[in-house]
file my_file-v2.cif (mmCIF, C-alpha atoms)
data_structure
loop_
_atom_site.label_atom_id
_atom_site.label_comp_id
_atom_site.auth_asym_id
_atom_site.auth_seq_id
_atom_site.Cartn_x
_atom_site.Cartn_y
_atom_site.Cartn_z
CA MET L 1 83.55 67.18 64.56
CA SER L 2 81.55 64.99 66.84
CA ASP L 3 83.10 66.41 70.00
CA THR L 4 82.84 70.09 69.13
CA GLY L 5 79.12 70.58 68.97
CA THR L 6 78.56 70.14 72.70
CA ASP L 7 81.72 71.79 74.04
CA ALA L 8 80.16 75.21 74.53
CA ALA L 9 77.09 73.82 76.26
CA GLY L 10 79.33 71.55 78.30
CA ASP L 11 81.44 74.49 79.41
CA ASP L 12 78.34 76.45 80.46
CA LEU L 13 76.92 73.51 82.40
CA SER L 14 80.31 72.82 83.93
CA GLY L 15 80.66 76.42 85.10
CA LEU L 16 77.13 76.53 86.53
CA GLY L 17 77.49 73.11 88.13
CA GLY L 18 80.86 74.10 89.59
CA PHE L 19 79.35 77.25 91.05
CA PHE L 20 76.57 75.36 92.85
CA PHE L 21 79.01 72.61 93.87
CA TYR L 22 81.36 75.06 95.57
CA VAL L 23 78.64 77.25 97.10
CA PHE L 24 76.33 74.57 98.51
CA ILE L 25 78.77 71.71 99.21
CA VAL L 26 82.36 72.90 99.43
CA HIS L 27 81.70 76.12 101.35
CA PRO L 28 79.73 74.38 104.17
CA ALA L 29 82.41 71.66 104.35
CA THR L 30 85.14 74.30 104.64
CA ALA L 31 83.14 76.16 107.27
CA TRP L 32 82.92 72.87 109.21
CA ILE L 33 86.73 72.55 109.12
CA LEU L 34 87.17 76.18 110.22
CA ARG L 35 84.61 76.02 113.02
CA PRO L 36 86.17 77.57 116.17
CA GLY L 37 87.38 74.95 118.61
CA ARG L 38 87.47 72.07 116.15
CA PHE L 39 91.19 72.37 115.42
CA GLU L 40 93.98 74.68 116.41
CA ARG L 41 93.73 77.99 114.58
CA ARG L 42 96.83 77.51 112.42
CA ARG L 43 95.95 73.91 111.65
CA SER L 44 92.41 74.87 110.72
CA ILE L 45 93.72 77.30 108.11
CA MET L 46 96.20 74.75 106.73
CA TYR L 47 93.55 72.01 106.58
CA ALA L 48 91.06 74.31 104.84
CA ILE L 49 93.58 75.49 102.23
CA ALA L 50 94.75 71.93 101.56
CA PHE L 51 91.15 70.72 101.26
CA LEU L 52 90.20 73.48 98.82
CA ALA L 53 93.36 73.08 96.72
CA ALA L 54 93.02 69.30 96.48
CA LEU L 55 89.33 69.48 95.63
CA ALA L 56 89.86 72.16 92.98
CA ALA L 57 92.75 70.22 91.44
CA VAL L 58 90.77 66.97 91.29
CA LYS L 59 87.61 68.59 89.92
CA THR L 60 89.47 70.66 87.32
CA GLY L 61 91.57 67.66 86.30
CA ILE L 62 88.48 65.52 85.76
CA GLU L 63 86.81 68.22 83.67
CA TYR L 64 89.98 68.79 81.64
CA ASN L 65 90.39 65.08 80.91
CA SER L 66 86.72 64.81 79.92
CA LYS L 67 87.34 67.41 77.21
CA GLY L 68 89.94 65.17 75.63
CA PRO L 69 93.41 66.12 74.37
CA ASN L 70 93.73 69.19 72.22
CA TYR L 71 94.90 69.07 68.62
CA TYR L 72 98.55 69.66 69.48
CA VAL L 73 98.56 66.79 71.95
CA ARG L 74 96.78 64.52 69.46
CA LEU L 75 99.47 65.06 66.84
CA GLY L 76 102.32 65.19 69.36
CA VAL L 77 103.53 68.64 68.27
CA ASN L 78 103.97 72.00 69.98
CA ARG L 79 102.01 75.13 69.27
CA ASP L 80 105.16 76.65 67.75
CA SER L 81 105.60 73.78 65.29
CA ASN L 82 105.74 74.71 61.61
CA PRO L 83 103.58 73.06 58.91
CA LEU L 84 106.38 70.67 57.93
CA GLU L 85 106.65 69.29 61.46
CA ILE L 86 102.89 68.96 61.70
CA LYS L 87 102.77 67.10 58.37
CA ARG L 88 105.47 64.66 59.47
CA ALA L 89 103.68 63.96 62.74
CA TYR L 90 100.39 63.39 60.91
CA LYS L 91 101.90 60.95 58.42
CA LYS L 92 103.43 58.94 61.23
CA LEU L 93 100.16 58.77 63.20
CA SER L 94 98.00 58.13 60.13
CA LEU L 95 100.01 55.02 59.35
CA GLN L 96 99.64 53.78 62.91
CA LEU L 97 95.95 54.61 63.36
CA HIS L 98 94.61 53.76 59.90
CA PRO L 99 91.64 51.38 60.22
CA ASP L 100 93.38 48.87 57.95
CA LYS L 101 96.33 48.60 60.35
CA ASN L 102 94.76 49.49 63.70
CA PRO L 103 92.90 46.57 65.30
CA SER L 104 91.21 48.79 67.89
CA PRO L 105 87.37 48.84 67.74
CA ASP L 106 87.40 52.65 67.64
CA ALA L 107 90.18 52.86 65.06
CA SER L 108 88.00 54.88 62.72
CA ASP L 109 87.26 57.50 65.39
CA GLN L 110 90.93 57.75 66.30
CA PHE L 111 91.91 58.25 62.68
CA ASP L 112 89.20 60.87 62.16
CA SER L 113 90.29 62.83 65.24
CA VAL L 114 93.90 62.92 64.00
CA LYS L 115 92.72 63.98 60.53
CA GLN L 116 90.57 66.70 62.07
CA ALA L 117 93.51 68.02 64.12
CA TYR L 118 95.76 67.97 61.03
CA ASP L 119 93.27 69.84 58.85
CA THR L 120 92.81 72.53 61.49
CA LEU L 121 96.45 73.12 62.34
CA MET L 122 97.58 73.18 58.71
CA ASP L 123 95.17 76.02 57.97
CA LEU L 124 96.70 79.16 59.51
CA GLU L 125 93.37 80.92 59.86
CA LEU L 126 91.64 77.94 61.48
CA ARG L 127 94.67 77.41 63.66
CA GLY L 128 94.39 80.94 65.03
CA VAL L 129 90.67 80.47 65.67
CA TYR L 130 91.34 77.18 67.45
CA ASN L 131 94.02 78.74 69.64
CA LYS L 132 91.68 81.54 70.71
CA PHE L 133 88.30 79.80 70.90
CA GLY L 134 88.97 76.05 70.86
CA SER L 135 86.74 73.48 69.20
CA PRO L 136 83.54 75.52 69.80
CA GLY L 137 85.09 78.36 67.80
CA ILE L 138 85.83 76.02 64.90
CA ALA L 139 82.32 74.59 65.01
CA SER L 140 80.68 78.04 64.98
CA ASN L 141 83.18 79.53 62.51
CA LYS L 142 83.98 82.23 65.06
CA ARG L 143 86.42 85.04 64.39
CA PHE L 144 88.01 87.46 66.81
CA ASP L 145 86.07 90.73 66.96
CA GLU L 146 87.31 93.26 69.48
CA SER L 147 83.95 94.86 70.26
CA GLN L 148 82.25 91.47 70.59
CA PHE L 149 85.08 90.25 72.78
CA PHE L 150 84.75 93.15 75.21
CA ILE L 151 80.96 92.78 75.31
CA GLU L 152 81.27 89.10 76.24
CA LEU L 153 83.99 89.99 78.73
CA ALA L 154 81.80 92.64 80.35
CA VAL L 155 78.84 90.27 80.62
CA PHE L 156 80.95 87.54 82.20
CA TYR L 157 82.69 89.73 84.77
CA LEU L 158 79.64 91.84 85.63
CA THR L 159 77.64 88.66 86.22
CA TRP L 160 80.30 87.19 88.45
CA GLY L 161 80.85 90.54 90.15
CA MET L 162 77.18 90.78 91.14
CA MET L 163 77.18 87.19 92.42
CA VAL L 164 80.34 87.84 94.42
CA PHE L 165 78.83 90.99 95.90
CA VAL L 166 75.68 89.13 96.96
CA LEU L 167 77.62 86.18 98.39
CA THR L 168 79.97 88.43 100.38
CA LEU L 169 77.42 90.71 102.01
CA GLY L 170 78.00 91.40 105.68
CA LYS L 171 80.83 92.73 107.81
CA LYS L 172 82.53 89.35 108.16
CA SER L 173 82.94 89.06 104.38
CA GLY L 174 84.46 92.49 103.82
CA ASP L 175 88.03 91.21 103.49
CA ALA L 176 86.87 88.26 101.38
CA ARG L 177 85.10 90.64 98.99
CA GLN L 178 88.30 92.63 98.52
CA TRP L 179 90.33 89.46 97.92
CA VAL L 180 87.84 88.12 95.36
CA PHE L 181 87.56 91.43 93.50
CA THR L 182 91.35 91.68 93.44
CA GLY L 183 91.50 88.17 91.96
CA MET L 184 88.89 89.13 89.37
CA ILE L 185 90.91 92.17 88.34
CA VAL L 186 94.06 90.06 87.98
CA MET L 187 92.13 87.46 85.98
CA LEU L 188 90.63 90.19 83.77
CA VAL L 189 94.04 91.68 83.00
CA LEU L 190 95.47 88.26 82.18
CA GLU L 191 92.52 87.37 79.96
CA ILE L 192 92.77 90.62 78.02
CA ALA L 193 96.52 90.15 77.61
CA ILE L 194 96.10 86.55 76.44
CA MET L 195 93.21 87.08 74.06
CA THR L 196 94.33 90.34 72.45
CA SER L 197 97.94 89.37 71.79
CA GLN L 198 98.96 88.35 68.30
CA GLU L 199 100.99 85.42 69.61
CA ASN L 200 100.41 83.15 72.58
CA PRO L 201 102.02 84.96 75.56
CA LEU L 202 102.33 81.75 77.58
CA PRO L 203 105.97 80.61 77.75
CA SER L 204 106.45 77.66 75.43
CA TRP L 205 109.06 76.09 77.68
CA VAL L 206 106.43 75.73 80.43
CA PHE L 207 103.23 75.21 78.41
CA PRO L 208 104.36 73.95 74.99
CA GLN L 209 100.95 72.58 73.96
CA THR L 210 98.54 74.86 75.87
CA THR L 211 96.36 77.22 73.84
CA GLU L 212 94.94 80.59 74.84
CA TYR L 213 91.48 79.05 75.01
CA GLU L 214 92.65 76.45 77.53
CA ALA L 215 94.42 79.05 79.67
CA VAL L 216 91.27 81.19 79.90
CA TRP L 217 89.15 78.10 80.55
CA LEU L 218 91.45 77.10 83.40
CA MET L 219 91.14 80.52 85.06
CA HIS L 220 87.36 80.48 84.74
CA SER L 221 87.22 76.94 86.10
CA LEU L 222 89.35 77.72 89.17
CA PHE L 223 87.64 81.01 90.00
CA PRO L 224 84.65 79.48 91.92
CA ALA L 225 87.10 77.57 94.12
CA PHE L 226 89.09 80.74 94.73
CA MET L 227 85.94 82.73 95.53
CA ASN L 228 84.58 80.24 98.05
CA GLY L 229 88.00 79.78 99.61
CA CYS L 230 88.19 83.53 100.16
CA ARG L 231 84.70 83.53 101.64
CA SER L 232 85.51 80.78 104.13
CA LEU L 233 88.91 82.08 105.17
CA GLY L 234 87.74 85.69 105.29
CA ALA L 235 84.92 84.87 107.69
CA PHE L 236 87.27 82.77 109.82
CA LEU L 237 90.02 85.40 110.02
CA TYR L 238 87.67 88.33 110.53
CA VAL L 239 88.28 90.40 113.64
CA ASP L 240 85.68 93.05 114.46
CA LEU L 241 87.96 95.84 115.62
CA GLU L 242 85.05 98.25 115.95
CA ALA L 243 83.21 95.87 118.28
CA HIS L 244 86.32 95.37 120.41
CA THR L 245 86.97 99.10 120.55
CA ARG L 246 83.34 99.76 121.40
CA GLN L 247 83.43 97.21 124.22
CA LEU L 248 86.64 98.75 125.54
CA LEU L 249 85.17 102.23 125.49
CA LEU L 250 81.98 101.06 127.16
CA ALA L 251 84.02 99.32 129.87
CA LEU L 252 86.03 102.51 130.35
CA GLN L 253 82.81 104.49 130.57
CA GLU L 254 81.45 102.18 133.26
CA GLN L 255 84.73 102.40 135.13
CA ASN L 256 84.57 106.19 135.05
CA LYS L 257 81.04 106.08 136.39
CA ASP L 258 82.10 103.83 139.28
CA MET L 259 85.05 106.10 140.08
CA LEU L 260 82.79 109.15 140.05
CA LEU L 261 80.44 107.48 142.50
CA VAL L 262 83.30 106.54 144.81
CA LEU L 263 84.77 110.03 144.65
CA ARG L 264 81.39 111.53 145.41
CA GLU L 265 81.08 109.35 148.49
CA VAL L 266 84.60 110.33 149.57
CA GLN L 267 83.81 114.00 149.01
CA ILE L 268 80.67 113.74 151.12
CA GLY L 269 82.66 111.98 153.86
CA VAL L 270 85.40 114.66 153.84
CA GLN L 271 82.84 117.46 153.95
CA SER L 272 81.10 115.83 156.90
CA VAL L 273 84.40 115.47 158.75
CA VAL L 274 85.38 119.10 158.05
CA GLY L 275 81.94 120.32 159.04
CA SER L 276 81.95 118.48 162.36
CA GLY L 277 85.58 119.30 163.20
CA PRO L 278 85.03 122.57 165.25
CA GLY L 279 82.41 120.92 167.44
CA VAL L 280 84.61 118.03 168.47
CA GLY L 281 86.20 118.33 171.91
CA GLY L 282 83.43 120.56 173.38
CA GLN L 283 85.74 122.71 175.52
CA GLY L 284 88.06 125.07 173.78
CA GLY L 285 85.78 125.27 170.77
CA GLY L 286 85.75 129.07 171.06
CA THR L 287 89.48 129.35 170.80
CA ARG L 288 89.58 127.07 167.79
CA ALA L 289 86.93 128.87 165.76
CA PRO L 290 89.14 131.79 164.73
CA ALA L 291 91.72 129.36 163.47
CA VAL L 292 89.10 127.72 161.32
CA VAL L 293 87.93 131.07 160.07
CA ALA L 294 91.44 132.13 159.39
CA SER L 295 92.08 128.92 157.65
CA ASN L 296 89.00 129.35 155.51
CA SER L 297 89.84 132.94 154.72
CA THR L 298 93.38 132.12 153.69
CA SER L 299 92.51 128.99 151.70
CA SER L 300 89.59 130.39 149.70
CA PRO L 301 91.79 131.73 146.84
CA THR L 302 93.36 128.28 146.46
CA MET L 303 90.41 125.95 146.86
CA HIS L 304 92.08 123.09 144.95
CA ALA L 305 94.86 122.87 147.54
CA THR L 306 92.48 121.31 150.04
CA PRO L 307 91.53 117.60 149.88
CA THR L 308 88.00 118.55 148.88
CA GLY L 309 89.33 120.74 146.09
CA LYS L 310 91.58 117.98 144.81
CA ILE L 311 88.65 115.57 144.76
CA ARG L 312 86.53 118.09 142.86
CA GLU L 313 89.35 118.63 140.36
CA LEU L 314 89.66 114.87 139.79
CA GLN L 315 85.91 114.59 139.46
CA GLU L 316 85.85 117.28 136.78
CA LYS L 317 88.59 115.52 134.82
CA LEU L 318 86.77 112.19 134.99
CA SER L 319 83.54 113.84 133.86
CA SER L 320 85.34 115.38 130.87
CA SER L 321 86.94 112.01 130.05
CA ASN L 322 83.56 110.31 130.29
CA THR L 323 82.10 112.84 127.84
CA HIS L 324 84.85 112.09 125.32
CA VAL L 325 84.33 108.34 125.70
CA VAL L 326 80.58 108.66 125.06
CA LYS L 327 81.28 110.79 121.97
CA ALA L 328 83.76 108.20 120.63
CA VAL L 329 81.23 105.40 121.12
CA HIS L 330 78.56 107.33 119.20
CA GLU L 331 81.02 108.02 116.37
CA LEU L 332 81.89 104.32 116.12
CA ARG L 333 78.23 103.39 115.97
CA SER L 334 77.47 105.93 113.26
CA ASP L 335 80.53 105.16 111.10
CA GLY L 336 80.42 101.37 111.44
CA LYS L 337 79.07 100.60 107.96
CA GLN L 338 80.37 103.44 105.81
CA SER L 339 83.68 101.97 104.59
CA SER L 340 83.88 100.57 101.08
CA SER L 341 86.65 99.85 98.59
CA MET L 342 84.51 99.61 95.47
CA GLY L 343 85.62 103.05 94.28
CA PHE L 344 89.25 101.96 94.45
CA TYR L 345 88.62 98.84 92.36
CA MET L 346 86.52 100.73 89.83
CA MET L 347 89.38 103.21 89.47
CA ILE L 348 91.82 100.36 88.74
CA LEU L 349 89.41 98.79 86.25
CA GLY L 350 88.88 102.13 84.49
CA TYR L 351 92.62 102.67 84.32
CA ILE L 352 93.13 99.26 82.69
CA LEU L 353 90.43 99.83 80.08
CA PHE L 354 91.58 103.36 79.23
CA SER L 355 95.20 102.22 79.00
CA TYR L 356 94.22 99.50 76.55
CA ILE L 357 92.11 101.90 74.45
CA PHE L 358 94.90 104.47 74.26
CA GLN L 359 97.46 101.84 73.36
CA LYS L 360 95.25 100.62 70.51
CA SER L 361 94.70 104.13 69.23
#
call {"tool": "encode", "arguments": {"input": "my_file-v2.cif", "output": "structure tokens"}}
result
Amino acid sequence: MSDTGTDAAGDDLSGLGGFFFYVFIVHPATAWILRPGRFERRRSIMYAIAFLAALAAVKTGIEYNSKGPNYYVRLGVNRDSNPLEIKRAYKKLSLQLHPDKNPSPDASDQFDSVKQAYDTLMDLELRGVYNKFGSPGIASNKRFDESQFFIELAVFYLTWGMMVFVLTLGKKSGDARQWVFTGMIVMLVLEIAIMTSQENPLPSWVFPQTTEYEAVWLMHSLFPAFMNGCRSLGAFLYVDLEAHTRQLLLALQEQNKDMLLVLREVQIGVQSVVGSGPGVGGQGGGTRAPAVVASNSTSSPTMHATPTGKIRELQEKLSSSNTHVVKAVHELRSDGKQSSSMGFYMMILGYILFSYIFQKS
């Protein structure tokens, strides 16, 4: 078992190295692609998605190939193969790879790897351990324990959840945080379904030689790429509706102020014209005075019918509208940072856990 002793440490280093690789190299490169004005908006999104997908595929492929083929691939059998089929495949390969017949310099290592795969898959208990935990599980003689599994699961997802929360602080990352947490919930549900099932839930016609351990490893390996892709695209697609609304309301407020000033000047002009009207013309002013008095006496019950009254009425409406605009601006400023979806996601997570507990009981 020369390749099993370092698999667990290799996985840990690979996950940590992948995290720093995506955060400090891939994320700045994606931000460079998505910089406003560099490309057309739609092309920027397409280029960023293609860049992230290609990079994640290449990196994950290199890591997967460095792990070497699994035991099913080594023997050329499927995970649903029975012991007789496994024995036939082993006999055929053992004759081909035996050091006495194989001229390759590493013939002994090839033969030992096939023998190791055969010994593991022929033992039903070791085969189940290998399917769930891979070579590290065989090396550490690990067995599935439900409480231990959920403890490890909680540590993994709480750790990643805190890192995601820290990396997505700020208003621009609000949508990205929701996308990443949604992806984590989907990944959690899939991992629980894969690891707690008695048989491999992956369809054999699509993944005939893939184990549960490899499926979980693949999800964990792709998650940093998914997280940083959401961060980059979320910041690029973010539209601050509150800021736009606040600017609109402030512009409307300024417009109301300008209109009030203009109306006040018009009102002053109308009052000056009305006040100087009886004195104009000099002669005949005495005969016109009663008409003005009569006009004033008859129009006093309906002040708003005069031009001055109409202007005052419009001024009052604009003042009331300006008050409502100021109130709306203050409400936007006070409620700008109070929205959060963590309660919703915690409710979904609690529902999943309670559903699983009740189904087991």
call {"tool": "resolve_selection", "arguments": {"input": "my_file-v2.cif", "expression": "the PyMOL selection byres ((chain L and resi 213-224) around 10)", "output": "VMD selection string"}}
result
chain L and resid 11 14 to 16 18 to 23 53 56 to 57 59 to 61 63 to 64 70 129 to 135 137 156 160 164 180 183 to 184 187 to 188 190 to 192 194 to 195 202 207 209 to 212 225 to 230
call {"tool": "residues_around", "arguments": {"input": "my_file-v2.cif", "residues": "L:Phe111", "least_positions_apart": "5", "cutoff": "9 Å", "atoms": "all atoms listed in the file", "output": "MDAnalysis selection string"}}
result
chainID L and resid 93:94 96:99 106 116
call {"tool": "residues_around", "arguments": {"input": "my_file-v2.cif", "residues": "L:Thr168", "least_positions_apart": "5", "cutoff": "7 Å", "atoms": "only C-alpha atoms", "output": "MDAnalysis selection string"}}
result
chainID L and resid 173:174 176:177 231
call {"tool": "atom_distance", "arguments": {"input": "my_file-v2.cif", "atom1": "atom CA of L:Ala251", "atom2": "atom CA of L:Gly37"}}
result
27.1 Å
call {"tool": "closest_residue", "arguments": {"input": "my_file-v2.cif", "among": "L:Trp205, L:Met46, L:Trp179, L:Leu121", "to": "L:Phe165", "atoms": "all atoms listed in the file"}}
result
L:Trp179
call {"tool": "atom_distance", "arguments": {"input": "my_file-v2.cif", "atom1": "atom CA of L:Met122", "atom2": "atom CA of L:Gln198"}}
result
18.0 Å
call {"tool": "residues_around", "arguments": {"input": "my_file-v2.cif", "residues": "L:Leu237", "least_positions_apart": "3", "cutoff": "9 Å", "atoms": "only C-alpha atoms", "output": "list in words"}}
result
Lys172, Asp175, Ser232, Leu233 and Gly234 of chain L
call {"tool": "closest_residue", "arguments": {"input": "my_file-v2.cif", "among": "L:Thr120, L:Ser44, L:Ser147, L:Asn65", "to": "L:Pro83", "atoms": "all atoms listed in the file"}}
result
L:Thr120
call {"tool": "closest_residue", "arguments": {"input": "my_file-v2.cif", "among": "L:Pro28, L:Val274, L:Ile268, L:Pro208", "to": "L:Asp80", "atoms": "all atoms listed in the file"}}
result
L:Pro208
call {"tool": "closest_residue", "arguments": {"input": "my_file-v2.cif", "among": "L:Met163, L:Val270, L:Met259, L:Ala117", "to": "L:Gly76", "atoms": "only C-alpha atoms"}}
result
L:Ala117
call {"tool": "atom_distance", "arguments": {"input": "my_file-v2.cif", "atom1": "atom CA of L:Tyr238", "atom2": "atom CA of L:Phe24"}}
result
21.5 Å
call {"tool": "build_atoms", "arguments": {"input": "my_file-v2.cif", "residues": "stretch 235-261 of chain L", "atoms": "N, CA and C atoms", "output": "PDB file, keeping the file's coordinate frame"}}
result
ATOM      1  N   ALA L 235      85.804  84.906 106.527  1.00  0.00           N
ATOM      2  CA  ALA L 235      84.920  84.870 107.690  1.00  0.00           C
ATOM      3  C   ALA L 235      85.640  84.312 108.916  1.00  0.00           C
ATOM      4  N   PHE L 236      86.554  83.365 108.694  1.00  0.00           N
ATOM      5  CA  PHE L 236      87.270  82.770 109.820  1.00  0.00           C
ATOM      6  C   PHE L 236      88.289  83.739 110.410  1.00  0.00           C
ATOM      7  N   LEU L 237      88.981  84.487 109.562  1.00  0.00           N
ATOM      8  CA  LEU L 237      90.020  85.400 110.020  1.00  0.00           C
ATOM      9  C   LEU L 237      89.502  86.775 110.414  1.00  0.00           C
ATOM     10  N   TYR L 238      88.218  87.003 110.268  1.00  0.00           N
ATOM     11  CA  TYR L 238      87.670  88.330 110.530  1.00  0.00           C
ATOM     12  C   TYR L 238      87.770  88.676 112.009  1.00  0.00           C
ATOM     13  N   VAL L 239      88.233  89.861 112.285  1.00  0.00           N
ATOM     14  CA  VAL L 239      88.280  90.400 113.640  1.00  0.00           C
ATOM     15  C   VAL L 239      87.547  91.734 113.628  1.00  0.00           C
ATOM     16  N   ASP L 240      86.486  91.831 114.423  1.00  0.00           N
ATOM     17  CA  ASP L 240      85.680  93.050 114.460  1.00  0.00           C
ATOM     18  C   ASP L 240      86.350  94.050 115.389  1.00  0.00           C
ATOM     19  N   LEU L 241      87.241  94.860 114.821  1.00  0.00           N
ATOM     20  CA  LEU L 241      87.960  95.840 115.620  1.00  0.00           C
ATOM     21  C   LEU L 241      87.013  96.896 116.194  1.00  0.00           C
ATOM     22  N   GLU L 242      85.994  97.255 115.448  1.00  0.00           N
ATOM     23  CA  GLU L 242      85.050  98.250 115.950  1.00  0.00           C
ATOM     24  C   GLU L 242      84.302  97.724 117.171  1.00  0.00           C
ATOM     25  N   ALA L 243      83.921  96.433 117.133  1.00  0.00           N
ATOM     26  CA  ALA L 243      83.210  95.870 118.280  1.00  0.00           C
ATOM     27  C   ALA L 243      84.125  95.810 119.502  1.00  0.00           C
ATOM     28  N   HIS L 244      85.381  95.414 119.289  1.00  0.00           N
ATOM     29  CA  HIS L 244      86.320  95.370 120.410  1.00  0.00           C
ATOM     30  C   HIS L 244      86.571  96.765 120.967  1.00  0.00           C
ATOM     31  N   THR L 245      86.746  97.725 120.087  1.00  0.00           N
ATOM     32  CA  THR L 245      86.970  99.100 120.550  1.00  0.00           C
ATOM     33  C   THR L 245      85.744  99.627 121.277  1.00  0.00           C
ATOM     34  N   ARG L 246      84.563  99.313 120.751  1.00  0.00           N
ATOM     35  CA  ARG L 246      83.340  99.760 121.400  1.00  0.00           C
ATOM     36  C   ARG L 246      83.191  99.145 122.788  1.00  0.00           C
ATOM     37  N   GLN L 247      83.510  97.859 122.912  1.00  0.00           N
ATOM     38  CA  GLN L 247      83.430  97.210 124.220  1.00  0.00           C
ATOM     39  C   GLN L 247      84.442  97.814 125.195  1.00  0.00           C
ATOM     40  N   LEU L 248      85.636  98.125 124.685  1.00  0.00           N
ATOM     41  CA  LEU L 248      86.640  98.750 125.540  1.00  0.00           C
ATOM     42  C   LEU L 248      86.200 100.113 126.023  1.00  0.00           C
ATOM     43  N   LEU L 249      85.637 100.903 125.103  1.00  0.00           N
ATOM     44  CA  LEU L 249      85.170 102.230 125.490  1.00  0.00           C
ATOM     45  C   LEU L 249      83.999 102.165 126.457  1.00  0.00           C
ATOM     46  N   LEU L 250      83.107 101.219 126.235  1.00  0.00           N
ATOM     47  CA  LEU L 250      81.980 101.060 127.160  1.00  0.00           C
ATOM     48  C   LEU L 250      82.468 100.640 128.549  1.00  0.00           C
ATOM     49  N   ALA L 251      83.459  99.720 128.588  1.00  0.00           N
ATOM     50  CA  ALA L 251      84.020  99.320 129.870  1.00  0.00           C
ATOM     51  C   ALA L 251      84.690 100.496 130.571  1.00  0.00           C
ATOM     52  N   LEU L 252      85.405 101.319 129.777  1.00  0.00           N
ATOM     53  CA  LEU L 252      86.030 102.510 130.350  1.00  0.00           C
ATOM     54  C   LEU L 252      84.991 103.492 130.860  1.00  0.00           C
ATOM     55  N   GLN L 253      83.898 103.608 130.136  1.00  0.00           N
ATOM     56  CA  GLN L 253      82.810 104.490 130.570  1.00  0.00           C
ATOM     57  C   GLN L 253      82.220 104.014 131.900  1.00  0.00           C
ATOM     58  N   GLU L 254      81.973 102.723 132.007  1.00  0.00           N
ATOM     59  CA  GLU L 254      81.450 102.180 133.260  1.00  0.00           C
ATOM     60  C   GLU L 254      82.436 102.368 134.394  1.00  0.00           C
ATOM     61  N   GLN L 255      83.717 102.197 134.094  1.00  0.00           N
ATOM     62  CA  GLN L 255      84.730 102.400 135.130  1.00  0.00           C
ATOM     63  C   GLN L 255      84.750 103.853 135.597  1.00  0.00           C
ATOM     64  N   ASN L 256      84.620 104.775 134.658  1.00  0.00           N
ATOM     65  CA  ASN L 256      84.570 106.190 135.050  1.00  0.00           C
ATOM     66  C   ASN L 256      83.360 106.494 135.916  1.00  0.00           C
ATOM     67  N   LYS L 257      82.236 105.869 135.570  1.00  0.00           N
ATOM     68  CA  LYS L 257      81.040 106.080 136.390  1.00  0.00           C
ATOM     69  C   LYS L 257      81.247 105.568 137.815  1.00  0.00           C
ATOM     70  N   ASP L 258      81.854 104.374 137.942  1.00  0.00           N
ATOM     71  CA  ASP L 258      82.100 103.830 139.280  1.00  0.00           C
ATOM     72  C   ASP L 258      83.063 104.717 140.069  1.00  0.00           C
ATOM     73  N   MET L 259      84.093 105.222 139.398  1.00  0.00           N
ATOM     74  CA  MET L 259      85.050 106.100 140.080  1.00  0.00           C
ATOM     75  C   MET L 259      84.392 107.397 140.514  1.00  0.00           C
ATOM     76  N   LEU L 260      83.500 107.937 139.679  1.00  0.00           N
ATOM     77  CA  LEU L 260      82.790 109.150 140.050  1.00  0.00           C
ATOM     78  C   LEU L 260      81.915 108.931 141.283  1.00  0.00           C
ATOM     79  N   LEU L 261      81.267 107.782 141.335  1.00  0.00           N
ATOM     80  CA  LEU L 261      80.440 107.480 142.500  1.00  0.00           C
ATOM     81  C   LEU L 261      81.283 107.355 143.764  1.00  0.00           C
TER      82      LEU L 261
END
